[in-house]
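The file query19.csv comes next; it holds CSV, C-alpha atoms and all ligand atoms.
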chain,number,residue,atom,x,y,z
A,1123,MET,CA,-13.5,35.7,-283.6
A,1124,PHE,CA,-17.1,34.5,-283.1
A,1125,GLU,CA,-19.5,36.5,-285.3
A,1126,TYR,CA,-22.9,37.2,-283.7
A,1127,SER,CA,-25.6,36.1,-286.1
A,1128,ASP,CA,-29.3,35.4,-285.3
A,1129,ASN,CA,-30.0,32.8,-287.9
A,1130,ARG,CA,-27.1,30.6,-287.1
A,1131,PHE,CA,-28.9,28.9,-284.3
A,1132,GLN,CA,-32.2,27.2,-285.1
A,1133,ILE,CA,-34.3,24.4,-283.7
A,1134,LYS,CA,-33.4,21.2,-285.6
A,1135,PRO,CA,-36.2,19.9,-287.8
A,1136,SER,CA,-37.3,16.3,-287.1
A,1137,THR,CA,-40.0,14.1,-288.7
A,1138,LYS,CA,-41.8,13.5,-285.4
A,1139,LYS,CA,-41.9,16.3,-282.8
A,1140,GLN,CA,-40.2,15.9,-279.5
A,1141,ILE,CA,-43.1,16.1,-277.1
A,1142,LYS,CA,-40.8,17.6,-274.3
A,1143,SER,CA,-39.9,20.4,-276.8
A,1144,THR,CA,-43.6,21.2,-277.5
A,1145,SER,CA,-45.1,24.2,-275.8
A,1146,TYR,CA,-48.6,24.2,-274.2
A,1147,ASP,CA,-49.9,26.5,-277.0
A,1148,GLU,CA,-48.6,24.1,-279.6
A,1149,LEU,CA,-50.3,21.2,-277.8
A,1150,LEU,CA,-53.5,23.2,-277.8
A,1151,ASP,CA,-53.2,23.8,-281.6
A,1152,TYR,CA,-52.6,20.1,-282.2
A,1153,LEU,CA,-55.6,19.0,-280.1
A,1154,ARG,CA,-57.8,21.6,-281.8
A,1155,SER,CA,-56.8,20.3,-285.2
A,1156,ALA,CA,-57.4,16.7,-284.1
A,1157,GLY,CA,-60.8,17.6,-282.8
A,1158,GLU,CA,-59.9,16.8,-279.2
A,1159,GLU,CA,-60.8,18.7,-276.0
A,1160,LYS,CA,-58.5,21.5,-274.7
A,1161,TYR,CA,-58.1,20.0,-271.2
A,1162,ARG,CA,-56.2,17.1,-272.7
A,1163,ALA,CA,-53.2,19.4,-273.0
A,1164,ASP,CA,-53.0,19.8,-269.2
A,1165,GLN,CA,-53.2,16.0,-268.9
A,1166,ILE,CA,-50.4,15.5,-271.4
A,1167,LEU,CA,-48.2,17.9,-269.6
A,1168,HIS,CA,-49.1,16.2,-266.3
A,1169,GLU,CA,-48.1,12.8,-267.7
A,1170,ILE,CA,-44.8,14.0,-269.1
A,1171,PHE,CA,-43.6,16.4,-266.4
A,1172,ILE,CA,-45.2,15.1,-263.2
A,1173,ASN,CA,-45.6,11.4,-263.9
A,1174,ARG,CA,-42.5,11.4,-266.1
A,1175,ALA,CA,-44.0,9.1,-268.7
A,1176,THR,CA,-41.4,7.6,-271.1
A,1177,ASP,CA,-43.9,6.0,-273.4
A,1178,PHE,CA,-47.4,7.0,-274.6
A,1179,LYS,CA,-48.7,3.7,-273.4
A,1180,GLN,CA,-48.0,4.9,-269.8
A,1181,MET,CA,-50.4,7.9,-270.2
A,1182,THR,CA,-53.3,6.2,-268.7
A,1183,GLN,CA,-55.2,9.5,-268.1
A,1184,LEU,CA,-55.7,9.7,-271.8
A,1185,PRO,CA,-58.1,7.5,-273.9
A,1186,LYS,CA,-56.4,4.9,-276.1
A,1187,HIS,CA,-57.2,6.5,-279.4
A,1188,LEU,CA,-55.5,9.8,-278.3
A,1189,ARG,CA,-52.4,7.9,-277.1
A,1190,ASN,CA,-52.2,6.3,-280.6
A,1191,MET,CA,-52.8,9.6,-282.3
A,1192,LEU,CA,-50.1,11.3,-280.2
A,1193,SER,CA,-47.6,8.6,-281.0
A,1194,ASP,CA,-48.1,9.1,-284.7
A,1195,VAL,CA,-47.1,12.8,-284.4
A,1196,PHE,CA,-44.9,13.0,-281.4
A,1197,GLU,CA,-42.1,11.1,-279.8
A,1198,ILE,CA,-40.8,10.9,-276.2
A,1199,THR,CA,-37.1,11.0,-276.9
A,1200,SER,CA,-34.4,11.0,-274.2
A,1201,ILE,CA,-30.7,11.6,-274.0
A,1202,GLU,CA,-28.7,8.7,-272.6
A,1203,LEU,CA,-26.7,8.6,-269.4
A,1204,GLU,CA,-23.2,7.4,-270.4
A,1205,GLU,CA,-21.2,7.8,-267.2
A,1206,LYS,CA,-21.6,9.1,-263.6
A,1207,ARG,CA,-18.5,10.2,-261.7
A,1208,VAL,CA,-18.7,10.9,-258.0
A,1209,SER,CA,-16.1,13.3,-256.4
A,1210,ALA,CA,-14.8,13.2,-252.9
A,1211,ASP,CA,-16.7,16.5,-252.2
A,1212,GLY,CA,-20.0,14.9,-253.0
A,1213,SER,CA,-20.6,16.5,-256.4
A,1214,ILE,CA,-21.5,14.1,-259.2
A,1215,LYS,CA,-20.6,14.7,-262.8
A,1216,PHE,CA,-23.0,13.2,-265.4
A,1217,LEU,CA,-21.9,12.5,-269.0
A,1218,PHE,CA,-24.8,12.2,-271.5
A,1219,SER,CA,-24.9,11.3,-275.1
A,1220,LEU,CA,-27.4,12.8,-277.5
A,1221,ALA,CA,-29.2,11.0,-280.3
A,1222,ASP,CA,-26.5,12.2,-282.8
A,1223,ARG,CA,-23.6,11.0,-280.6
A,1224,GLN,CA,-22.7,14.4,-279.4
A,1225,PHE,CA,-21.8,14.5,-275.7
A,1226,ILE,CA,-22.8,16.9,-272.9
A,1227,GLU,CA,-22.2,17.1,-269.2
A,1228,ALA,CA,-24.1,18.2,-266.1
A,1229,VAL,CA,-22.9,18.5,-262.5
A,1230,TYR,CA,-25.0,17.7,-259.4
A,1231,MET,CA,-24.0,19.6,-256.2
A,1232,PRO,CA,-25.6,18.7,-252.8
A,1233,TRP,CA,-25.5,21.1,-249.9
A,1234,ALA,CA,-25.5,19.3,-246.6
A,1235,ASN,CA,-26.6,20.6,-243.2
A,1236,ASP,CA,-24.6,20.2,-239.9
A,1237,ASP,CA,-25.9,16.6,-239.5
A,1238,GLY,CA,-24.6,15.7,-243.0
A,1239,GLU,CA,-28.1,15.4,-244.5
A,1240,VAL,CA,-28.6,16.9,-248.0
A,1241,GLU,CA,-30.6,20.0,-247.4
A,1242,ARG,CA,-30.8,21.3,-251.0
A,1243,SER,CA,-29.1,20.6,-254.3
A,1244,THR,CA,-28.1,22.4,-257.4
A,1245,LEU,CA,-27.8,21.0,-260.9
A,1246,CYS,CA,-25.6,22.7,-263.4
A,1247,ILE,CA,-26.9,21.9,-266.9
A,1248,SER,CA,-25.7,22.4,-270.5
A,1249,THR,CA,-27.5,24.3,-273.2
A,1250,MET,CA,-25.2,23.4,-276.1
A,1251,SER,CA,-22.6,20.8,-277.0
A,1252,GLY,CA,-19.4,22.8,-277.1
A,1253,CYS,CA,-19.6,26.6,-277.3
A,1254,PRO,CA,-18.9,29.1,-280.1
A,1255,VAL,CA,-17.9,32.0,-277.9
A,1256,GLY,CA,-14.3,30.7,-277.2
A,1257,CYS,CA,-13.4,32.5,-273.9
A,1258,ALA,CA,-9.7,32.1,-273.3
A,1259,PHE,CA,-10.1,30.5,-269.9
A,1260,CYS,CA,-12.9,28.0,-270.7
A,1261,ALA,CA,-12.5,24.3,-271.4
A,1262,THR,CA,-15.8,24.1,-273.2
A,1263,GLY,CA,-14.9,27.0,-275.4
A,1264,THR,CA,-11.8,25.2,-276.8
A,1265,LEU,CA,-14.2,22.5,-278.3
A,1266,GLY,CA,-15.9,25.0,-280.6
A,1267,PHE,CA,-19.6,24.9,-281.4
A,1268,LYS,CA,-21.1,21.4,-281.9
A,1269,LYS,CA,-24.8,21.9,-281.5
A,1270,ASN,CA,-27.7,23.6,-279.8
A,1271,LEU,CA,-29.6,21.4,-277.4
A,1272,THR,CA,-33.4,21.1,-277.9
A,1273,PRO,CA,-35.7,22.0,-275.0
A,1274,SER,CA,-36.2,18.2,-274.6
A,1275,GLU,CA,-32.4,17.6,-274.3
A,1276,ILE,CA,-32.1,20.5,-271.8
A,1277,ILE,CA,-35.0,19.2,-269.6
A,1278,ASP,CA,-33.8,15.5,-269.8
A,1279,GLN,CA,-30.7,16.4,-267.9
A,1280,ILE,CA,-32.9,17.3,-264.9
A,1281,PHE,CA,-35.2,14.3,-265.3
A,1282,ILE,CA,-32.4,11.7,-265.6
A,1283,VAL,CA,-30.4,13.1,-262.6
A,1284,GLU,CA,-33.6,13.2,-260.5
A,1285,ARG,CA,-34.4,9.6,-261.5
A,1286,GLU,CA,-30.8,8.4,-261.0
A,1287,LEU,CA,-30.5,9.9,-257.5
A,1288,GLY,CA,-34.1,9.5,-256.4
A,1289,THR,CA,-34.2,13.1,-255.3
A,1290,LYS,CA,-35.7,16.4,-256.3
A,1291,ILE,CA,-33.3,19.1,-257.6
A,1292,ASN,CA,-33.9,22.5,-255.8
A,1293,ASN,CA,-31.9,24.8,-258.0
A,1294,VAL,CA,-30.9,24.7,-261.7
A,1295,VAL,CA,-28.1,26.7,-263.1
A,1296,LEU,CA,-27.6,27.1,-266.8
A,1297,MET,CA,-23.8,27.2,-266.4
A,1298,GLY,CA,-22.8,24.0,-268.1
A,1299,MET,CA,-21.6,23.7,-271.7
A,1300,GLY,CA,-22.7,26.5,-274.0
A,1301,GLU,CA,-23.9,30.0,-274.1
A,1302,PRO,CA,-27.6,29.9,-273.3
A,1303,LEU,CA,-28.5,33.2,-274.9
A,1304,LEU,CA,-27.1,32.0,-278.3
A,1305,ASN,CA,-29.6,29.1,-278.1
A,1306,TYR,CA,-32.3,31.5,-277.1
A,1307,ASP,CA,-35.5,30.0,-278.4
A,1308,ASN,CA,-34.8,26.5,-277.1
A,1309,VAL,CA,-33.5,27.7,-273.7
A,1310,VAL,CA,-36.5,30.0,-273.1
A,1311,ARG,CA,-38.9,27.2,-274.1
A,1312,ALA,CA,-37.2,24.8,-271.8
A,1313,ILE,CA,-37.4,27.3,-268.9
A,1314,SER,CA,-41.1,28.0,-269.7
A,1315,LEU,CA,-41.9,24.3,-269.6
A,1316,LEU,CA,-40.0,23.7,-266.4
A,1317,ALA,CA,-41.4,26.7,-264.6
A,1318,ASP,CA,-45.0,26.4,-265.8
A,1319,GLU,CA,-47.7,26.1,-263.1
A,1320,LYS,CA,-48.9,23.0,-264.8
A,1321,THR,CA,-45.6,21.1,-264.7
A,1322,LYS,CA,-44.1,22.5,-261.4
A,1323,VAL,CA,-40.7,21.1,-262.1
A,1324,ILE,CA,-38.9,24.1,-260.8
A,1325,SER,CA,-39.8,27.7,-260.2
A,1326,ARG,CA,-38.2,30.4,-262.4
A,1327,ARG,CA,-36.7,32.0,-259.2
A,1328,LYS,CA,-34.7,28.7,-258.7
A,1329,ILE,CA,-33.3,28.8,-262.2
A,1330,THR,CA,-30.2,30.9,-262.9
A,1331,LEU,CA,-29.1,31.6,-266.4
A,1332,SER,CA,-25.4,32.6,-266.8
A,1333,THR,CA,-24.3,34.5,-269.9
A,1334,SER,CA,-21.1,35.8,-271.3
A,1335,GLY,CA,-23.2,39.0,-272.1
A,1336,ILE,CA,-25.3,38.9,-275.2
A,1337,ALA,CA,-26.8,42.3,-274.5
A,1338,PRO,CA,-29.9,42.3,-276.9
A,1339,ARG,CA,-30.9,38.8,-275.7
A,1340,ILE,CA,-30.7,39.9,-272.0
A,1341,ARG,CA,-33.3,42.6,-272.8
A,1342,GLN,CA,-35.4,40.1,-274.7
A,1343,LEU,CA,-35.2,37.6,-271.8
A,1344,ALA,CA,-36.7,40.2,-269.5
A,1345,HIS,CA,-39.9,39.8,-271.4
A,1346,SER,CA,-39.8,36.0,-271.7
A,1347,PRO,CA,-42.7,34.1,-270.0
A,1348,TYR,CA,-40.6,33.1,-267.0
A,1349,PRO,CA,-37.6,35.3,-266.6
A,1350,PRO,CA,-34.9,33.4,-264.6
A,1351,LYS,CA,-32.3,34.9,-262.3
A,1352,LEU,CA,-29.4,36.4,-264.3
A,1353,ALA,CA,-25.7,35.8,-263.8
A,1354,ILE,CA,-23.2,37.7,-265.9
A,1355,SER,CA,-19.7,36.3,-266.6
A,1356,LEU,CA,-18.0,39.6,-266.2
A,1357,HIS,CA,-14.3,38.6,-265.6
A,1358,ALA,CA,-13.0,42.1,-266.4
A,1359,THR,CA,-13.7,45.7,-265.7
A,1360,THR,CA,-12.4,47.3,-268.8
A,1361,ASN,CA,-13.3,46.6,-272.5
A,1362,GLY,CA,-9.6,46.2,-273.3
A,1363,THR,CA,-9.1,43.3,-270.9
A,1364,ARG,CA,-12.5,41.8,-271.5
A,1365,ASN,CA,-11.9,41.8,-275.3
A,1366,LYS,CA,-8.7,39.8,-274.7
A,1367,ILE,CA,-10.2,37.0,-272.6
A,1368,MET,CA,-13.8,37.0,-273.9
A,1369,PRO,CA,-14.1,37.5,-277.7
A,1370,ILE,CA,-17.9,38.2,-277.5
A,1371,ALA,CA,-17.0,41.4,-275.7
A,1372,GLN,CA,-16.0,42.8,-279.0
A,1373,SER,CA,-19.6,42.6,-280.1
A,1374,PHE,CA,-21.1,43.9,-276.8
A,1375,ASP,CA,-19.0,46.2,-274.9
A,1376,LEU,CA,-19.3,46.9,-271.1
A,1377,SER,CA,-21.5,49.9,-271.6
A,1378,SER,CA,-24.1,48.1,-273.7
A,1379,LEU,CA,-23.9,45.1,-271.4
A,1380,MET,CA,-24.4,47.2,-268.3
A,1381,ASP,CA,-27.4,49.0,-269.9
A,1382,ALA,CA,-29.0,45.6,-270.7
A,1383,VAL,CA,-28.3,44.3,-267.1
A,1384,GLU,CA,-29.9,47.4,-265.7
A,1385,TYR,CA,-32.9,46.9,-268.0
A,1386,TYR,CA,-33.2,43.3,-266.8
A,1387,TYR,CA,-33.1,44.3,-263.2
A,1388,ARG,CA,-35.7,47.1,-263.7
A,1389,GLN,CA,-38.1,44.7,-265.4
A,1390,THR,CA,-37.6,41.7,-263.1
A,1391,LYS,CA,-36.5,43.2,-259.8
A,1392,MET,CA,-34.2,40.1,-259.3
A,1393,LYS,CA,-30.7,40.6,-257.9
A,1394,ILE,CA,-27.9,40.2,-260.5
A,1395,THR,CA,-24.9,37.9,-259.9
A,1396,TYR,CA,-21.5,38.9,-261.4
A,1397,GLU,CA,-19.1,36.1,-261.9
A,1398,TYR,CA,-15.5,37.1,-261.7
A,1399,ILE,CA,-12.4,34.8,-262.1
A,1400,PRO,CA,-9.5,36.8,-260.7
A,1401,PHE,CA,-6.4,36.3,-262.9
A,1402,ASP,CA,-3.0,37.2,-261.7
A,1403,GLY,CA,-1.9,40.6,-263.1
A,1404,ILE,CA,-4.8,40.8,-265.5
A,1405,ASN,CA,-8.0,41.8,-263.8
A,1406,ASP,CA,-7.0,41.9,-260.1
A,1407,THR,CA,-5.6,45.4,-259.4
A,1408,LEU,CA,-7.0,47.9,-257.0
A,1409,GLU,CA,-8.2,49.9,-260.0
A,1410,ASP,CA,-10.2,46.8,-261.0
A,1411,ALA,CA,-11.7,46.6,-257.5
A,1412,GLU,CA,-12.8,50.3,-257.8
A,1413,ARG,CA,-14.4,49.7,-261.3
A,1414,LEU,CA,-16.0,46.5,-260.1
A,1415,ARG,CA,-17.5,48.5,-257.2
A,1416,LYS,CA,-19.1,50.9,-259.7
A,1417,ILE,CA,-20.4,48.1,-261.8
A,1418,ALA,CA,-21.8,46.2,-258.8
A,1419,GLN,CA,-23.5,49.2,-257.4
A,1420,ARG,CA,-25.4,50.1,-260.5
A,1421,VAL,CA,-28.3,47.7,-259.6
A,1422,PRO,CA,-28.7,45.4,-256.6
A,1423,SER,CA,-26.2,42.6,-257.1
A,1424,ARG,CA,-23.7,40.3,-255.6
A,1425,VAL,CA,-20.2,39.4,-256.8
A,1426,ASN,CA,-18.9,35.8,-256.9
A,1427,PHE,CA,-15.2,35.3,-257.2
A,1428,ILE,CA,-14.6,31.9,-258.8
A,1429,PRO,CA,-11.2,30.3,-258.6
A,1430,PHE,CA,-9.7,29.7,-262.0
A,1431,ASN,CA,-9.7,26.0,-262.9
A,1432,ASP,CA,-6.6,25.2,-264.9
A,1433,ILE,CA,-7.6,24.1,-268.4
A,1434,SER,CA,-4.1,23.3,-269.7
A,1435,PHE,CA,-5.4,19.7,-270.1
A,1436,THR,CA,-7.3,20.9,-273.2
A,1437,LYS,CA,-4.1,22.1,-274.9
A,1438,PRO,CA,-6.0,24.8,-276.7
A,1439,GLN,CA,-4.8,25.9,-280.1
A,1440,GLY,CA,-4.1,29.6,-280.6
A,1441,ILE,CA,-4.4,30.7,-276.9
A,1442,SER,CA,-1.4,32.7,-276.2
A,1443,LEU,CA,-2.6,34.3,-272.9
A,1444,GLU,CA,-0.9,32.9,-269.8
A,1445,LEU,CA,-3.7,32.8,-267.3
A,1446,LYS,CA,-2.9,32.1,-263.7
A,1447,PRO,CA,-5.2,32.4,-260.7
A,1448,SER,CA,-4.7,35.5,-258.5
A,1449,PRO,CA,-3.0,34.8,-255.1
A,1450,PRO,CA,-5.8,34.3,-252.4
A,1451,GLN,CA,-4.6,37.4,-250.4
A,1452,ARG,CA,-5.2,39.7,-253.4
A,1453,VAL,CA,-8.7,38.2,-253.9
A,1454,ALA,CA,-9.4,38.7,-250.2
A,1455,GLN,CA,-8.3,42.3,-250.5
A,1456,ILE,CA,-10.6,43.1,-253.4
A,1457,ALA,CA,-13.5,41.3,-251.7
A,1458,GLU,CA,-12.8,43.3,-248.5
A,1459,TYR,CA,-12.9,46.5,-250.5
A,1460,LEU,CA,-16.2,45.7,-252.1
A,1461,ARG,CA,-17.7,44.6,-248.7
A,1462,SER,CA,-16.6,47.9,-247.2
A,1463,HIS,CA,-18.9,49.4,-249.8
A,1464,LYS,CA,-21.8,47.1,-248.7
A,1465,ILE,CA,-21.5,44.9,-251.8
A,1466,ALA,CA,-22.4,41.2,-251.2
A,1467,VAL,CA,-19.4,39.1,-252.1
A,1468,ILE,CA,-18.8,35.4,-252.2
A,1469,VAL,CA,-15.3,34.0,-252.5
A,1470,ARG,CA,-15.6,30.5,-253.7
A,1471,ASP,CA,-13.0,28.1,-252.3
A,1472,SER,CA,-10.5,26.5,-254.5
A,1473,PHE,CA,-11.4,22.9,-253.8
A,1474,GLY,CA,-13.9,22.7,-256.5
A,1475,ARG,CA,-16.7,22.5,-253.9
A,1476,ASP,CA,-18.8,25.0,-255.8
A,1477,ILE,CA,-21.0,24.6,-258.8
A,1478,GLU,CA,-19.5,27.4,-260.8
A,1479,ALA,CA,-16.0,26.1,-260.6
A,1480,ALA,CA,-17.2,22.5,-261.4
A,1481,CYS,CA,-19.3,23.8,-264.3
A,1482,GLY,CA,-16.5,26.0,-265.7
A,1483,GLN,CA,-14.4,22.9,-266.2
A,1484,LEU,CA,-16.9,21.1,-268.5
A,1485,ALA,CA,-15.2,19.6,-271.5
A,1486,LEU,CA,-15.7,16.3,-273.2
A,1487,SER,CA,-13.1,14.1,-271.7
A,1488,ARG,CA,-14.1,11.5,-274.2
A,1489,GLU,CA,-12.9,13.8,-277.0
A,1490,GLN,CA,-9.6,14.7,-275.5
A,1501,LIG,N1,-21.7,30.5,-271.3
A,1501,LIG,C1,-22.2,30.9,-270.1
A,1501,LIG,C2,-22.5,29.8,-269.1
A,1501,LIG,C3,-21.5,28.6,-269.1
A,1501,LIG,S1,-19.9,29.0,-268.4
A,1501,LIG,C4,-21.3,31.9,-269.5
A,1501,LIG,O1,-20.2,32.1,-269.9
A,1501,LIG,O2,-21.7,32.5,-268.5
A,1501,LIG,C5,-20.3,29.0,-266.6
A,1501,LIG,C6,-19.3,29.7,-265.8
A,1501,LIG,O3,-18.1,29.0,-265.7
A,1501,LIG,C7,-19.0,31.1,-266.3
A,1501,LIG,O4,-19.1,32.1,-265.3
A,1501,LIG,C8,-17.6,30.9,-266.8
A,1501,LIG,O5,-17.0,32.2,-266.9
A,1501,LIG,C9,-17.1,30.0,-265.8
A,1501,LIG,N2,-15.8,29.3,-266.2
A,1501,LIG,C10,-15.5,28.9,-267.5
A,1501,LIG,N3,-14.2,28.4,-267.5
A,1501,LIG,C11,-13.8,28.4,-266.2
A,1501,LIG,C12,-12.6,28.0,-265.6
A,1501,LIG,N4,-11.6,27.4,-266.3
A,1501,LIG,N5,-12.4,28.2,-264.3
A,1501,LIG,C13,-13.5,28.8,-263.6
A,1501,LIG,N6,-14.6,29.2,-264.1
A,1501,LIG,C14,-14.8,29.0,-265.4
A,1502,LIG,FE1,-18.8,29.6,-273.8
A,1502,LIG,FE2,-19.4,30.4,-271.3
A,1502,LIG,FE3,-17.2,28.9,-271.9
A,1502,LIG,FE4,-17.3,31.4,-272.7
A,1502,LIG,S1,-17.3,30.7,-270.5
A,1502,LIG,S2,-16.6,29.7,-273.9
A,1502,LIG,S3,-19.5,31.6,-273.2
A,1502,LIG,S4,-19.3,28.3,-272.1

Please go through the file and, once you have read it, give me the structure as structure tokens.
Ligand code: SAH
Ligand code: SF4
Amino acid sequence: MFEYSDNRFQIKPSTKKQIKSTSYDELLDYLRSAGEEKYRADQILHEIFINRATDFKQMTQLPKHLRNMLSDVFEITSIELEEKRVSADGSIKFLFSLADRQFIEAVYMPWANDDGEVERSTLCISTMSGCPVGCAFCATGTLGFKKNLTPSEIIDQIFIVERELGTKINNVVLMGMGEPLLNYDNVVRAISLLADEKTKVISRRKITLSTSGIAPRIRQLAHSPYPPKLAISLHATTNGTRNKIMPIAQSFDLSSLMDAVEYYYRQTKMKITYEYIPFDGINDTLEDAERLRKIAQRVPSRVNFIPFNDISFTKPQGISLELKPSPPQRVAQIAEYLRSHKIAVIVRDSFGRDIEAACGQLALSREQ
């Protein structure tokens, strides 16, 4: 079982600092110590996040001596695009390599209007390579933990996809590889840089963080500079079932998770999303529906039923549970029950034409 421990996940040291991982306050400190004006920090952020400079030489708003000084201390690193795979449904899966030859994935999902024009888009991004949580149904979990992404590596996924597709991403979901709240400092810093007034990459209300339920971190996130929308991977309505399919539930039971979720709602006033994969005979009874109703009614929320994507291709070791998707009629019945209690429910279709389903499948095909 994965043991929760705060000091296991740290920002990686490097000789030069990644400039896209540097906060505004750190830039101010650097400029102060270098005897430079404060307003230069705004210009640096503008060059990086709005002009998307990839070299200090391109930062023409800055005087040459400052560009040289910056390049002595900082570097503008980038992850590399390795492969782009377009699906019939219009979604595009991006495979990236990191400097240390780890791989991560992101999924782009366009939403077209009736005339077939792309109206808005969502990008599902990764926060880790692999994941230590090891949920029984998750392809990423079978890889184990490889590494935490730096803020720069998290941000790069958006920058590269926008550049490749020549379009602006409207929504970002942290639902790719990894458990974002176990890479807390880097994830919060990435969100802060993306949502900052000065960078205007994407507003915090257009960012959704999905978590398997690290209760103390959910509370902490409520007080982060730019709290995002919160999605909880619930997937069970009793501790017994949740423990079986999500090992992290043994550290944070449903009652502590729900207290943290309520706290997050009270602090941020943003609706909570519950993600629920109905598994045949495991979490899809009428009793589950009733318990799910109680959970969903605790604070304003909506329930997303996500179809289970078969992960047998990963041939996971040690997974003895036979997980199969619930029959559609049963899912419809539970959804109807919740709707009759005025709970907003979305039943995702099974064709993969939804970002959660596509995201949930992320595993490094190169490593298989
Ligand atoms: N670690 C975070 C975010 C990444 S997983 C979390 O667990 O929330 C993103 C979503 O994909 C989660 O809701 C997860 O439960 C779901 N998911 C994982 N494996 C899946 C699968 N095989 N089929 C469908 N959804 C899956
Ligand atoms: Fe990790 Fe989320 Fe997959 Fe669980 S569902 S193993 S927390 S990525």

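In this comparison, which uses all atoms listed in the file, the residue of A:Val1255, A:Gly1263, A:Val1295, A:Lys1446 approaching Ile1336 (chain A) most closely is A:Val1255.
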
Which of A:Ile1367, A:Ile1282, A:Thr1244, A:Leu1414 sits closest to Glu1205 (chain A) [using all atoms listed in the file] =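 Ranked by minimum distance to Glu1205 (chain A), first place goes to A:Ile1282.
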
- Task: Step by step, measure atom-to-atom distances between ligand LIG 1501 (chain A) and each residue using all atoms listed in the file, keep those at most 8 Å, then write them as an MDAnalysis selection string.
- Result: chainID A and resid 1248 1253 1255 1257 1259:1262 1296:1302 1331:1335 1353:1357 1397:1399 1428:1433 1478:1484

Could you please determine the separation between CA of Arg1189 (chain A) and CA of Glu1275 (chain A) in Å, to one decimal place?
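Between CA of Arg1189 (chain A) and CA of Glu1275 (chain A) the gap works out to 22.4 Å.
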
Practice item. Might you pull out every residue within 7 Å of Glu1202 (chain A), with only C-alpha atoms counted and same-chain residues fewer than 6 positions away left off, and present them as a ChimeraX atom specification? Key: /A:1218-1220

* Taking only C-alpha atoms into account, which of A:Arg1415, A:Thr1249, A:Pro1349, A:Ala1317 comes nearest Asn1305 (chain A)? ->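 Residue with the minimum atom-to-atom distance to Asn1305 (chain A): A:Thr1249.
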
CA of Ala1221 (chain A) and CA of Ile1201 (chain A) are how many Å apart?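 So the answer is 6.5 Å.
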
Excluding Val1425 (chain A) and its own-chain neighbours fewer than 6 positions away, which residues fall within 7 Å of it when counting only C-alpha atoms? Please give them as a ChimeraX atom specification.
/A:1395-1397,1466-1468

Please measure the separation of CA of Tyr1152 (chain A) and CA of Ile1280 (chain A), giving the value in Å to one decimal.
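Interatomic distance here is 26.4 Å.
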
* **Residue with smallest distance to Gln1140 (chain A) - pool A:Ile1170, A:Val1469, A:Ile1291, A:Ile1370, counting all atoms listed in the file** =>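 The answer is A:Ile1170, which sits nearest to Gln1140 (chain A).
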
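The residue that comes closest to ligand LIG 1502 (chain A), out of A:Glu1319, A:Glu1169, A:Glu1227, A:Asp1410 and on the basis of all atoms listed in the file, is A:Glu1227.
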
**Prompt:** Closest to ligand LIG 1502 (chain A) among A:Asn1270, A:Thr1264, A:Gln1342, A:Ser1325, using all atoms listed in the file?
**Reply:**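 Smallest separation from ligand LIG 1502 (chain A) among the options: A:Thr1264.
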
Exercise. Counting all atoms listed in the file, find the residues whose atoms lie at most 12 Å from (-40.5, 22.4, -270.0) (file coordinates) and write them out as a ChimeraX atom specification.
Key: /A:1140-1146,1167-1168,1170-1172,1174,1272-1281,1308-1326,1347-1348

### Task
Within 10 Å of Gln1419 (chain A), counting only C-alpha atoms, which residues show up once you throw out same-chain ones fewer than 5 positions away? Write them as a list in words, please.
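Listing them by chain and then by number gives Arg1413, Leu1414, Arg1424, Leu1460, His1463, Lys1464 and Ile1465 of chain A.
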
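Near Ile1340 (chain A), within 10 Å and counting only C-alpha atoms, sit A:Leu1303, A:Tyr1306, A:Thr1333, A:Gly1335, A:Ile1336, A:Ala1337, A:Pro1338, A:Gln1342, A:Leu1343, A:Ala1344, A:His1345, A:Ser1346, A:Pro1349, A:Leu1352, A:Ile1354, A:Leu1379, A:Asp1381, A:Ala1382, A:Val1383, A:Glu1384, A:Tyr1385, A:Tyr1386, not including residues fewer than 2 positions from it in the same chain.
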
- Message: If we draw a sphere of 12 Å around (-9.5, 45.1, -268.7), which residues have at least one atom in it when counting only C-alpha atoms? Please report them as a list in words.
- Response: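 Residues close enough to count: Leu1356, His1357, Ala1358, Thr1359, Thr1360, Asn1361, Gly1362, Thr1363, Arg1364, Asn1365, Lys1366, Ile1367, Met1368, Ala1371, Asp1375, Leu1376, Pro1400, Phe1401, Gly1403, Ile1404, Asn1405, Asp1406, Thr1407, Glu1409, Asp1410, Ala1411, Arg1413 and Leu1414 of chain A.
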